[in-house]
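Data block for my_file_35.json (JSON, C-alpha atoms):
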[["chain", "number", "residue", "atom", "x", "y", "z"],
["A", 295, "MET", "CA", 25.28, -3.03, -4.19],
["A", 296, "LYS", "CA", 26.62, -6.31, -2.85],
["A", 297, "LEU", "CA", 28.75, -7.29, 0.12],
["A", 298, "LYS", "CA", 31.39, -9.92, -0.63],
["A", 299, "ALA", "CA", 33.85, -11.49, 1.77],
["A", 300, "LEU", "CA", 37.09, -13.41, 1.35],
["A", 301, "THR", "CA", 39.62, -13.34, 4.15],
["A", 302, "ILE", "CA", 42.90, -15.13, 4.73],
["A", 303, "SER", "CA", 44.50, -15.34, 8.13],
["A", 304, "VAL", "CA", 47.75, -16.88, 9.28],
["A", 305, "ALA", "CA", 48.56, -17.54, 12.92],
["A", 306, "ALA", "CA", 51.65, -18.81, 14.70],
["A", 307, "LEU", "CA", 52.06, -19.86, 18.32],
["A", 308, "THR", "CA", 55.45, -20.81, 19.73],
["A", 309, "SER", "CA", 56.84, -21.32, 23.21],
["A", 310, "LEU", "CA", 60.13, -19.79, 22.06],
["A", 311, "ALA", "CA", 59.26, -16.62, 20.21],
["A", 312, "GLY", "CA", 55.85, -15.48, 21.49],
["A", 313, "ALA", "CA", 52.82, -15.10, 19.23],
["A", 314, "ALA", "CA", 51.95, -13.43, 15.96],
["A", 315, "PHE", "CA", 48.43, -13.38, 14.62],
["A", 316, "ALA", "CA", 45.95, -11.67, 12.33],
["A", 317, "ALA", "CA", 42.44, -11.25, 13.78],
["A", 318, "PRO", "CA", 39.28, -11.50, 11.64],
["A", 319, "SER", "CA", 37.25, -8.40, 10.86],
["A", 320, "GLY", "CA", 34.41, -9.22, 13.25],
["A", 321, "TYR", "CA", 34.38, -9.19, 17.03],
["A", 322, "ALA", "CA", 36.80, -11.31, 19.07],
["A", 323, "PRO", "CA", 34.82, -13.91, 21.06],
["A", 324, "GLY", "CA", 35.73, -14.88, 24.60],
["A", 325, "SER", "CA", 39.40, -15.20, 25.47],
["A", 326, "THR", "CA", 40.45, -14.59, 21.85],
["A", 327, "LEU", "CA", 40.15, -10.88, 22.64],
["A", 328, "THR", "CA", 43.43, -11.44, 24.53],
["A", 329, "THR", "CA", 45.07, -14.39, 22.77],
["A", 330, "GLY", "CA", 44.12, -13.41, 19.22],
["A", 331, "ALA", "CA", 43.58, -15.68, 16.22],
["A", 332, "VAL", "CA", 45.46, -18.71, 17.51],
["A", 333, "SER", "CA", 44.08, -22.24, 17.84],
["A", 334, "ASN", "CA", 43.97, -22.71, 21.58],
["A", 335, "PRO", "CA", 42.87, -26.16, 22.85],
["A", 336, "TYR", "CA", 41.77, -24.56, 26.12],
["A", 337, "ALA", "CA", 39.34, -22.13, 24.46],
["A", 338, "LEU", "CA", 36.44, -23.40, 22.36],
["A", 339, "SER", "CA", 35.92, -19.85, 21.09],
["A", 340, "SER", "CA", 39.11, -20.15, 19.01],
["A", 341, "LEU", "CA", 37.12, -22.38, 16.64],
["A", 342, "ALA", "CA", 35.89, -19.09, 15.14],
["A", 343, "TYR", "CA", 39.31, -18.62, 13.52],
["A", 344, "ASN", "CA", 40.34, -22.03, 12.19],
["A", 345, "PRO", "CA", 38.07, -25.05, 11.64],
["A", 346, "ALA", "CA", 41.06, -27.39, 11.89],
["A", 347, "SER", "CA", 41.34, -26.51, 15.60],
["A", 348, "ALA", "CA", 38.39, -28.83, 16.35],
["A", 349, "GLN", "CA", 40.89, -31.68, 16.36],
["A", 350, "LEU", "CA", 42.69, -30.07, 19.32],
["A", 351, "MET", "CA", 39.59, -29.64, 21.48],
["A", 352, "LEU", "CA", 39.01, -33.24, 22.65],
["A", 353, "ARG", "CA", 41.33, -35.38, 24.73],
["A", 354, "ASP", "CA", 41.68, -39.06, 23.89],
["A", 355, "ASP", "CA", 39.20, -39.97, 26.64],
["A", 356, "GLU", "CA", 36.57, -37.39, 25.57],
["A", 357, "ASN", "CA", 33.71, -37.77, 23.10],
["A", 358, "ILE", "CA", 32.05, -34.37, 23.46],
["A", 359, "ARG", "CA", 32.80, -30.89, 24.71],
["A", 360, "PHE", "CA", 30.63, -27.79, 24.69],
["A", 361, "GLY", "CA", 30.44, -24.28, 26.06],
["A", 362, "TRP", "CA", 28.34, -23.22, 29.01],
["A", 363, "LEU", "CA", 27.55, -19.53, 29.02],
["A", 364, "THR", "CA", 27.54, -17.34, 25.96],
["A", 365, "THR", "CA", 30.53, -15.30, 24.76],
["A", 366, "ILE", "CA", 30.01, -11.60, 24.07],
["A", 367, "GLY", "CA", 32.33, -9.17, 22.33],
["A", 368, "THR", "CA", 32.14, -5.55, 21.21],
["A", 369, "GLY", "CA", 34.59, -3.31, 19.38],
["A", 370, "ILE", "CA", 34.45, 0.33, 18.29],
["A", 371, "GLU", "CA", 36.76, 2.48, 16.17],
["A", 372, "LEU", "CA", 36.46, 6.24, 15.78],
["A", 373, "GLY", "CA", 38.22, 8.63, 13.44],
["A", 374, "ASP", "CA", 40.17, 11.56, 14.89],
["A", 375, "VAL", "CA", 37.27, 14.03, 14.81],
["A", 376, "SER", "CA", 37.09, 15.23, 18.41],
["A", 377, "ASN", "CA", 38.17, 18.74, 17.39],
["A", 378, "PHE", "CA", 35.38, 19.00, 14.82],
["A", 379, "GLU", "CA", 32.36, 18.13, 16.94],
["A", 380, "GLN", "CA", 31.61, 21.74, 17.85],
["A", 381, "GLU", "CA", 32.18, 22.87, 14.25],
["A", 382, "ILE", "CA", 29.59, 20.40, 12.95],
["A", 383, "ASN", "CA", 27.10, 21.51, 15.58],
["A", 384, "ASP", "CA", 27.73, 25.11, 14.57],
["A", 385, "LEU", "CA", 27.31, 24.26, 10.88],
["A", 386, "SER", "CA", 24.00, 22.55, 11.58],
["A", 387, "ASP", "CA", 22.79, 25.63, 13.46],
["A", 388, "GLU", "CA", 23.93, 28.04, 10.74],
["A", 389, "LEU", "CA", 22.19, 25.99, 8.04],
["A", 390, "ASP", "CA", 18.88, 26.72, 9.79],
["A", 391, "ARG", "CA", 19.34, 30.49, 9.46],
["A", 392, "ASP", "CA", 17.84, 32.50, 6.60],
["A", 393, "ASP", "CA", 18.74, 35.99, 7.86],
["A", 394, "LEU", "CA", 22.44, 36.12, 6.97],
["A", 395, "THR", "CA", 23.99, 39.16, 5.39],
["A", 396, "LEU", "CA", 26.30, 38.63, 2.42],
["A", 397, "SER", "CA", 29.41, 39.28, 4.51],
["A", 398, "GLU", "CA", 28.22, 36.87, 7.22],
["A", 399, "GLY", "CA", 27.50, 34.21, 4.62],
["A", 400, "GLU", "CA", 30.89, 34.58, 2.95],
["A", 401, "ALA", "CA", 32.64, 34.37, 6.32],
["A", 402, "LEU", "CA", 30.80, 31.13, 7.13],
["A", 403, "VAL", "CA", 31.65, 29.72, 3.69],
["A", 404, "ASP", "CA", 35.36, 30.37, 4.28],
["A", 405, "ARG", "CA", 35.20, 28.92, 7.79],
["A", 406, "PHE", "CA", 33.43, 25.66, 6.99],
["A", 407, "ASN", "CA", 35.04, 24.98, 3.61],
["A", 408, "ALA", "CA", 38.39, 25.01, 5.43],
["A", 409, "ILE", "CA", 37.44, 22.15, 7.78],
["A", 410, "LEU", "CA", 34.96, 19.96, 5.89],
["A", 411, "PRO", "CA", 37.54, 18.26, 3.59],
["A", 412, "GLU", "CA", 39.55, 17.07, 6.60],
["A", 413, "LEU", "CA", 36.39, 15.86, 8.29],
["A", 414, "GLY", "CA", 35.60, 13.91, 5.13],
["A", 415, "ARG", "CA", 38.97, 12.17, 5.44],
["A", 416, "GLU", "CA", 38.92, 11.52, 9.19],
["A", 417, "GLY", "CA", 35.24, 11.39, 10.07],
["A", 418, "TYR", "CA", 34.25, 7.74, 10.40],
["A", 419, "MET", "CA", 32.94, 5.27, 12.96],
["A", 420, "LYS", "CA", 32.90, 1.46, 13.06],
["A", 421, "LEU", "CA", 31.07, -0.68, 15.60],
["A", 422, "ASN", "CA", 30.84, -4.45, 15.72],
["A", 423, "SER", "CA", 29.29, -6.64, 18.36],
["A", 424, "GLY", "CA", 28.57, -10.34, 18.57],
["A", 425, "VAL", "CA", 27.21, -13.06, 20.80],
["A", 426, "SER", "CA", 27.32, -16.85, 20.61],
["A", 427, "VAL", "CA", 24.37, -19.14, 21.23],
["A", 428, "PRO", "CA", 24.55, -20.64, 24.76],
["A", 429, "LEU", "CA", 26.25, -24.08, 24.87],
["A", 430, "MET", "CA", 27.94, -23.33, 21.54],
["A", 431, "PRO", "CA", 30.25, -24.36, 20.07],
["A", 432, "VAL", "CA", 29.86, -28.13, 20.48],
["A", 433, "VAL", "CA", 32.71, -30.45, 19.48],
["A", 434, "PHE", "CA", 32.06, -34.19, 19.31],
["A", 435, "ASN", "CA", 33.47, -37.46, 18.03],
["A", 436, "VAL", "CA", 31.30, -40.14, 16.43],
["A", 437, "GLY", "CA", 32.12, -43.82, 16.82],
["A", 438, "GLY", "CA", 35.83, -43.33, 17.42],
["A", 439, "MET", "CA", 36.39, -41.66, 14.07],
["A", 440, "LYS", "CA", 39.81, -40.24, 13.32],
["A", 441, "GLY", "CA", 38.49, -36.67, 13.34],
["A", 442, "ASN", "CA", 36.02, -34.48, 15.22],
["A", 443, "PHE", "CA", 32.83, -32.71, 14.18],
["A", 444, "PHE", "CA", 31.67, -29.37, 15.56],
["A", 445, "VAL", "CA", 28.61, -27.11, 15.48],
["A", 446, "GLU", "CA", 28.67, -23.40, 16.25],
["A", 447, "SER", "CA", 26.14, -20.58, 16.02],
["A", 448, "GLY", "CA", 25.98, -16.89, 16.83],
["A", 449, "ALA", "CA", 24.74, -13.44, 15.88],
["A", 450, "GLU", "CA", 26.51, -10.20, 14.97],
["A", 451, "LEU", "CA", 25.77, -6.50, 14.57],
["A", 452, "LEU", "CA", 27.94, -4.24, 12.42],
["A", 453, "ILE", "CA", 27.52, -0.48, 11.96],
["A", 454, "GLY", "CA", 29.67, 1.85, 9.91],
["A", 455, "GLY", "CA", 29.36, 5.58, 9.42],
["A", 456, "ARG", "CA", 31.33, 8.12, 7.38],
["A", 457, "PHE", "CA", 31.07, 11.86, 6.84],
["A", 458, "ILE", "CA", 30.80, 12.90, 3.17],
["A", 459, "ASP", "CA", 31.94, 16.49, 2.69],
["A", 460, "ASP", "CA", 30.55, 18.90, 0.11],
["A", 461, "GLU", "CA", 31.27, 22.55, -0.62],
["A", 462, "VAL", "CA", 29.37, 25.18, 1.39],
["A", 463, "THR", "CA", 27.84, 28.00, -0.68],
["A", 464, "VAL", "CA", 25.85, 31.12, 0.13],
["A", 465, "GLN", "CA", 22.46, 31.81, -1.46],
["A", 466, "MET", "CA", 21.07, 35.35, -1.23],
["A", 467, "ASN", "CA", 17.41, 36.36, -1.47],
["A", 468, "GLY", "CA", 17.49, 40.11, -1.57],
["A", 469, "SER", "CA", 19.46, 41.55, 1.34],
["A", 470, "THR", "CA", 19.46, 38.33, 3.38],
["A", 471, "GLY", "CA", 20.27, 34.74, 2.61],
["A", 472, "SER", "CA", 21.44, 31.36, 3.85],
["A", 473, "ILE", "CA", 24.28, 28.89, 3.43],
["A", 474, "GLN", "CA", 23.77, 25.50, 1.80],
["A", 475, "THR", "CA", 25.69, 22.25, 1.52],
["A", 476, "GLN", "CA", 25.04, 18.66, 0.53],
["A", 477, "SER", "CA", 27.46, 17.36, 3.19],
["A", 478, "SER", "CA", 26.01, 14.16, 4.60],
["A", 479, "VAL", "CA", 26.44, 11.26, 6.97],
["A", 480, "TYR", "CA", 26.58, 7.88, 5.20],
["A", 481, "LEU", "CA", 25.48, 4.98, 7.41],
["A", 482, "LYS", "CA", 25.66, 1.25, 6.71],
["A", 483, "ALA", "CA", 24.43, -1.38, 9.15],
["A", 484, "GLY", "CA", 23.92, -5.10, 9.18],
["A", 485, "THR", "CA", 22.64, -7.79, 11.50],
["A", 486, "GLY", "CA", 23.34, -11.45, 10.92],
["A", 487, "ILE", "CA", 22.84, -14.90, 12.36],
["A", 488, "ARG", "CA", 24.83, -17.96, 11.34],
["A", 489, "LEU", "CA", 24.83, -21.71, 11.88],
["A", 490, "GLY", "CA", 27.96, -23.68, 11.06],
["A", 491, "LEU", "CA", 28.89, -27.36, 10.81],
["A", 492, "GLY", "CA", 32.51, -28.42, 10.50],
["A", 493, "TYR", "CA", 34.93, -31.33, 10.62],
["A", 494, "ALA", "CA", 38.67, -31.68, 11.25],
["A", 495, "GLN", "CA", 41.14, -34.56, 11.31],
["A", 496, "PRO", "CA", 44.90, -35.23, 11.16],
["A", 497, "VAL", "CA", 46.16, -36.25, 7.71],
["A", 498, "TRP", "CA", 49.89, -36.74, 8.27],
["A", 499, "GLU", "CA", 52.31, -37.20, 11.16],
["A", 500, "GLY", "CA", 56.04, -37.74, 11.16],
["A", 501, "GLY", "CA", 59.42, -36.11, 10.71],
["A", 502, "GLU", "CA", 62.43, -35.90, 12.99],
["A", 503, "GLY", "CA", 63.66, -33.32, 15.47],
["A", 504, "TRP", "CA", 62.24, -29.83, 15.05],
["A", 505, "LYS", "CA", 60.66, -30.93, 11.76],
["A", 506, "SER", "CA", 58.47, -33.52, 13.47],
["A", 507, "GLY", "CA", 54.81, -32.74, 13.89],
["A", 508, "GLN", "CA", 51.22, -33.40, 12.89],
["A", 509, "LEU", "CA", 49.29, -31.86, 9.99],
["A", 510, "ILE", "CA", 45.59, -31.25, 10.67],
["A", 511, "VAL", "CA", 43.06, -30.03, 8.11],
["A", 512, "GLY", "CA", 39.47, -28.95, 8.60],
["A", 513, "GLY", "CA", 36.52, -27.32, 6.92],
["A", 514, "LYS", "CA", 33.28, -25.60, 7.84],
["A", 515, "LEU", "CA", 30.02, -24.75, 6.09],
["A", 516, "ASP", "CA", 28.12, -21.74, 7.44],
["A", 517, "VAL", "CA", 24.57, -20.69, 6.64],
["A", 518, "HIS", "CA", 24.20, -16.90, 7.05],
["A", 519, "ARG", "CA", 21.05, -14.82, 7.29],
["A", 520, "LEU", "CA", 21.97, -11.15, 6.88],
["A", 521, "SER", "CA", 19.81, -8.04, 7.00],
["A", 522, "LEU", "CA", 21.60, -5.02, 5.52],
["A", 523, "SER", "CA", 20.60, -1.37, 5.35],
["A", 524, "LYS", "CA", 22.27, 1.86, 4.26],
["A", 525, "GLN", "CA", 21.16, 5.47, 4.15],
["A", 526, "VAL", "CA", 22.44, 8.98, 3.51],
["A", 527, "ILE", "CA", 21.44, 11.75, 5.94],
["A", 528, "LEU", "CA", 22.00, 15.42, 5.11],
["A", 529, "ILE", "CA", 23.96, 17.34, 7.73],
["A", 530, "ASP", "CA", 21.12, 19.84, 8.21],
["A", 531, "ASP", "CA", 18.99, 16.95, 9.48],
["A", 532, "VAL", "CA", 21.41, 15.85, 12.23],
["A", 533, "ASP", "CA", 19.18, 17.34, 14.93],
["A", 534, "ASP", "CA", 16.68, 14.59, 14.08],
["A", 535, "LEU", "CA", 19.36, 11.97, 13.37],
["A", 536, "GLU", "CA", 17.99, 9.28, 15.68],
["A", 537, "ASP", "CA", 14.42, 9.65, 14.42],
["A", 538, "THR", "CA", 15.58, 9.68, 10.80],
["A", 539, "ILE", "CA", 17.60, 6.48, 11.24],
["A", 540, "GLU", "CA", 14.68, 4.72, 12.91],
["A", 541, "ASP", "CA", 12.21, 5.85, 10.24],
["A", 542, "ASP", "CA", 14.34, 4.90, 7.24],
["A", 543, "TYR", "CA", 16.23, 1.84, 8.47],
["A", 544, "ASP", "CA", 13.41, -0.64, 7.91],
["A", 545, "LYS", "CA", 12.51, 0.94, 4.56],
["A", 546, "ASN", "CA", 16.04, 0.40, 3.26],
["A", 547, "GLU", "CA", 16.63, -3.00, 4.83],
["A", 548, "VAL", "CA", 17.18, -6.04, 2.60],
["A", 549, "SER", "CA", 17.51, -9.58, 3.96],
["A", 550, "SER", "CA", 19.25, -12.42, 2.15],
["A", 551, "THR", "CA", 20.64, -15.88, 2.88],
["A", 552, "GLY", "CA", 23.96, -17.33, 1.79],
["A", 553, "VAL", "CA", 26.28, -20.28, 2.41],
["A", 554, "SER", "CA", 30.02, -19.92, 2.94],
["A", 555, "LEU", "CA", 32.84, -22.45, 2.93],
["A", 556, "SER", "CA", 35.96, -22.03, 5.07],
["A", 557, "LEU", "CA", 39.05, -24.24, 5.15],
["A", 558, "GLY", "CA", 41.86, -24.42, 7.67],
["A", 559, "ALA", "CA", 45.11, -26.22, 8.38],
["A", 560, "ILE", "CA", 47.33, -26.55, 11.45],
["A", 561, "TRP", "CA", 50.88, -27.82, 11.74],
["A", 562, "ARG", "CA", 51.33, -28.94, 15.35],
["A", 563, "ALA", "CA", 54.80, -29.59, 16.76],
["A", 564, "ASP", "CA", 56.20, -29.95, 20.28],
["A", 565, "MET", "CA", 57.56, -26.40, 20.52],
["A", 566, "TYR", "CA", 55.49, -24.43, 18.03],
["A", 567, "GLN", "CA", 52.23, -24.36, 16.10],
["A", 568, "LEU", "CA", 51.35, -22.85, 12.72],
["A", 569, "GLY", "CA", 47.91, -22.21, 11.26],
["A", 570, "LEU", "CA", 46.36, -21.11, 7.98],
["A", 571, "THR", "CA", 42.71, -20.22, 7.36],
["A", 572, "LEU", "CA", 40.81, -19.41, 4.17],
["A", 573, "ASN", "CA", 37.47, -17.89, 5.16],
["A", 574, "ASN", "CA", 34.49, -17.62, 2.80],
["A", 575, "ILE", "CA", 36.45, -18.99, -0.16],
["A", 576, "ASN", "CA", 33.29, -19.14, -2.29],
["A", 577, "GLU", "CA", 32.77, -15.38, -1.65],
["A", 578, "PRO", "CA", 29.04, -15.35, -0.84],
["A", 579, "GLU", "CA", 27.18, -12.17, -1.80],
["A", 580, "PHE", "CA", 24.58, -10.30, 0.25],
["A", 581, "ASP", "CA", 22.53, -7.41, -1.11],
["A", 582, "TYR", "CA", 22.03, -3.87, 0.13],
["A", 583, "GLY", "CA", 18.96, -1.93, -0.89],
["A", 584, "PRO", "CA", 19.43, 0.93, -3.40],
["A", 585, "VAL", "CA", 19.96, 4.52, -2.26],
["A", 586, "GLY", "CA", 18.57, 7.51, -4.18],
["A", 587, "THR", "CA", 15.79, 5.69, -6.04],
["A", 588, "ASN", "CA", 12.00, 6.17, -5.97],
["A", 589, "CYS", "CA", 12.47, 9.49, -4.17],
["A", 590, "ASP", "CA", 9.16, 10.90, -5.47],
["A", 591, "GLY", "CA", 7.29, 8.34, -3.39],
["A", 592, "LEU", "CA", 8.83, 9.64, -0.15],
["A", 593, "SER", "CA", 8.06, 12.73, 1.92],
["A", 594, "GLY", "CA", 9.66, 15.07, 4.45],
["A", 595, "THR", "CA", 13.16, 14.31, 5.71],
["A", 596, "SER", "CA", 13.25, 10.93, 3.97],
["A", 597, "GLN", "CA", 12.69, 12.60, 0.60],
["A", 598, "ASN", "CA", 15.31, 15.29, 1.28],
["A", 599, "ASN", "CA", 17.89, 12.63, 2.12],
["A", 600, "CYS", "CA", 16.94, 10.58, -0.93],
["A", 601, "PHE", "CA", 17.71, 13.39, -3.37]]

Serialized structure, structure tokens:
Amino acid sequence: MKLKALTISVAALTSLAGAAFAAPSGYAPGSTLTTGAVSNPYALSSLAYNPASAQLMLRDDENIRFGWLTTIGTGIELGDVSNFEQEINDLSDELDRDDLTLSEGEALVDRFNAILPELGREGYMKLNSGVSVPLMPVVFNVGGMKGNFFVESGAELLIGGRFIDDEVTVQMNGSTGSIQTQSSVYLKAGTGIRLGLGYAQPVWEGGEGWKSGQLIVGGKLDVHRLSLSKQVILIDDVDDLEDTIEDDYDKNEVSSTGVSLSLGAIWRADMYQLGLTLNNINEPEFDYGPVGTNCDGLSGTSQNNCF
């Protein structure tokens, strides 16, 4: 399985009508957590959204500008599953029993089959976190050129989890039995580091009245090193969830390197500003390891989750 990325974002900033913006899928660095995906000359962190904004970062009397401390951001999103937490704990406990009567088993089947489909729809979690390298980004001008160069680097962590529901059934062995289900937790995680080099410059200026302004274009090349892992964990193993994740994460992890190209444009006027960004236009691909293969070579919980 491969991870591909192509994103388009459009941002507008105006002193008359407020702001409208579309944030990227990763974390929001620094002040962009508040201002959003706008090219702000007072915030170097806004370079993360539009490479053309490098042209806005230096005054006429400046040749270089860089950050001081790092920027850190974290975001988390949870599905509406608060009412199901106790039910899942109860299901995990009942799956460990092998002394159920037929009537008890059928009652549990009716109970859990009524809630698991909704949990499959609503049960998810997303976490992303990122940090920039200290002193980054750096914006600089070389020899009085018309445009500005910039370098930026950082690291990110992304984790996603989803509940996969499956029918609960009862299995009898004589007068007693147990309930069974293949309901699982599907986890995907990735860590990545990147190093980017970009350039921006004005290409046209003119017009009259409200149509007057300056057109700036820019581009950036990023080198990414991503380590991706995914795994499926049966619900009857949730008591050992942390240990299972730690044991299997490295086994399923695959690392790969890719290069992405992003382009941006800004129309800058006296009373408003418009921006357009095309991120990862070459759609770099990064590989996940396979799930459900070579199960015979595993043992214990890892083998159960593999099948």

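Across the model, the gap from CA of Asn442 (chain A) to CA of Lys514 (chain A) is 11.9 Å.
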
For this session: Compile the contact shell of Arg562 (chain A) as a list in words: residues with an atom at most 8 Å away, counting only C-alpha atoms, same-chain residues fewer than 3 positions apart removed.
Result: Gly507, Gln508, Leu509, Ile510, Tyr566, Gln567 and Leu568 of chain A

re CA of Phe580 (chain A) and CA of Ala346 (chain A): distance 26.4 Å

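Around Gly454 (chain A), within 6 Å and counting only C-alpha atoms, the residues found are A:Met419, A:Lys420, A:Leu481, A:Lys482, once anything fewer than 6 positions away on its own chain is removed.
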
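Counting all atoms listed in the file, the residue from A:Phe443, A:Gln474, A:Gly455, A:Asp355 that sits nearest to Glu400 (chain A) is A:Gln474.
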
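Here the question is which of A:Phe457, A:Trp362, A:Trp498, A:Tyr480 gets nearest to Val511 (chain A) using all atoms listed in the file, and that residue is A:Trp498.
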
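Separating CA of Tyr493 (chain A) from CA of Arg519 (chain A) is a distance of 21.8 Å.
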
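Remark: for Ala449 (chain A), the closest of the candidate residues A:Ala563, A:Ala408, A:Ile487, A:Val427 is A:Ile487 (distances computed over all atoms listed in the file).
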
Missing atoms in region 347-366 of chain A: fill them in up to N, CA and C atoms and send the result as a compact mmCIF listing (two decimals), in the frame of the given file.
# COMPACT_ATOMS: atom_id res chain seq x y z
N SER A 347 41.08 -26.46 14.16
CA SER A 347 41.34 -26.51 15.60
C SER A 347 40.38 -27.44 16.33
N ALA A 348 39.30 -27.89 15.69
CA ALA A 348 38.39 -28.83 16.35
C ALA A 348 39.11 -30.10 16.77
N GLN A 349 40.15 -30.47 16.03
CA GLN A 349 40.89 -31.68 16.36
C GLN A 349 41.66 -31.54 17.67
N LEU A 350 41.92 -30.30 18.09
CA LEU A 350 42.69 -30.07 19.32
C LEU A 350 41.80 -30.02 20.56
N MET A 351 40.49 -29.96 20.38
CA MET A 351 39.59 -29.64 21.48
C MET A 351 39.22 -30.83 22.36
N LEU A 352 39.39 -32.06 21.87
CA LEU A 352 39.01 -33.24 22.65
C LEU A 352 40.24 -34.04 23.04
N ARG A 353 40.29 -34.44 24.31
CA ARG A 353 41.33 -35.38 24.73
C ARG A 353 40.97 -36.79 24.25
N ASP A 354 41.91 -37.69 24.36
CA ASP A 354 41.68 -39.06 23.89
C ASP A 354 40.53 -39.74 24.61
N ASP A 355 40.27 -39.34 25.87
CA ASP A 355 39.20 -39.97 26.64
C ASP A 355 37.89 -39.19 26.58
N GLU A 356 37.78 -38.20 25.69
CA GLU A 356 36.57 -37.39 25.57
C GLU A 356 35.86 -37.67 24.26
N ASN A 357 34.53 -37.63 24.30
CA ASN A 357 33.71 -37.77 23.10
C ASN A 357 32.95 -36.50 22.74
N ILE A 358 32.80 -35.60 23.71
CA ILE A 358 32.05 -34.37 23.46
C ILE A 358 32.53 -33.28 24.40
N ARG A 359 32.46 -32.06 23.91
CA ARG A 359 32.80 -30.89 24.71
C ARG A 359 31.98 -29.71 24.20
N PHE A 360 31.46 -28.92 25.11
CA PHE A 360 30.63 -27.79 24.69
C PHE A 360 30.79 -26.63 25.67
N GLY A 361 30.38 -25.46 25.22
CA GLY A 361 30.44 -24.28 26.06
C GLY A 361 29.29 -24.27 27.06
N TRP A 362 29.39 -23.36 28.01
CA TRP A 362 28.34 -23.22 29.01
C TRP A 362 27.58 -21.91 28.80
N LEU A 363 28.18 -20.83 29.23
CA LEU A 363 27.55 -19.53 29.02
C LEU A 363 27.93 -18.99 27.65
N THR A 364 27.26 -17.95 27.25
CA THR A 364 27.54 -17.34 25.96
C THR A 364 28.82 -16.51 26.01
N THR A 365 29.41 -16.24 24.86
CA THR A 365 30.53 -15.30 24.76
C THR A 365 30.02 -14.03 24.08
N ILE A 366 30.46 -12.89 24.58
CA ILE A 366 30.01 -11.60 24.07
C ILE A 366 31.24 -10.74 23.78
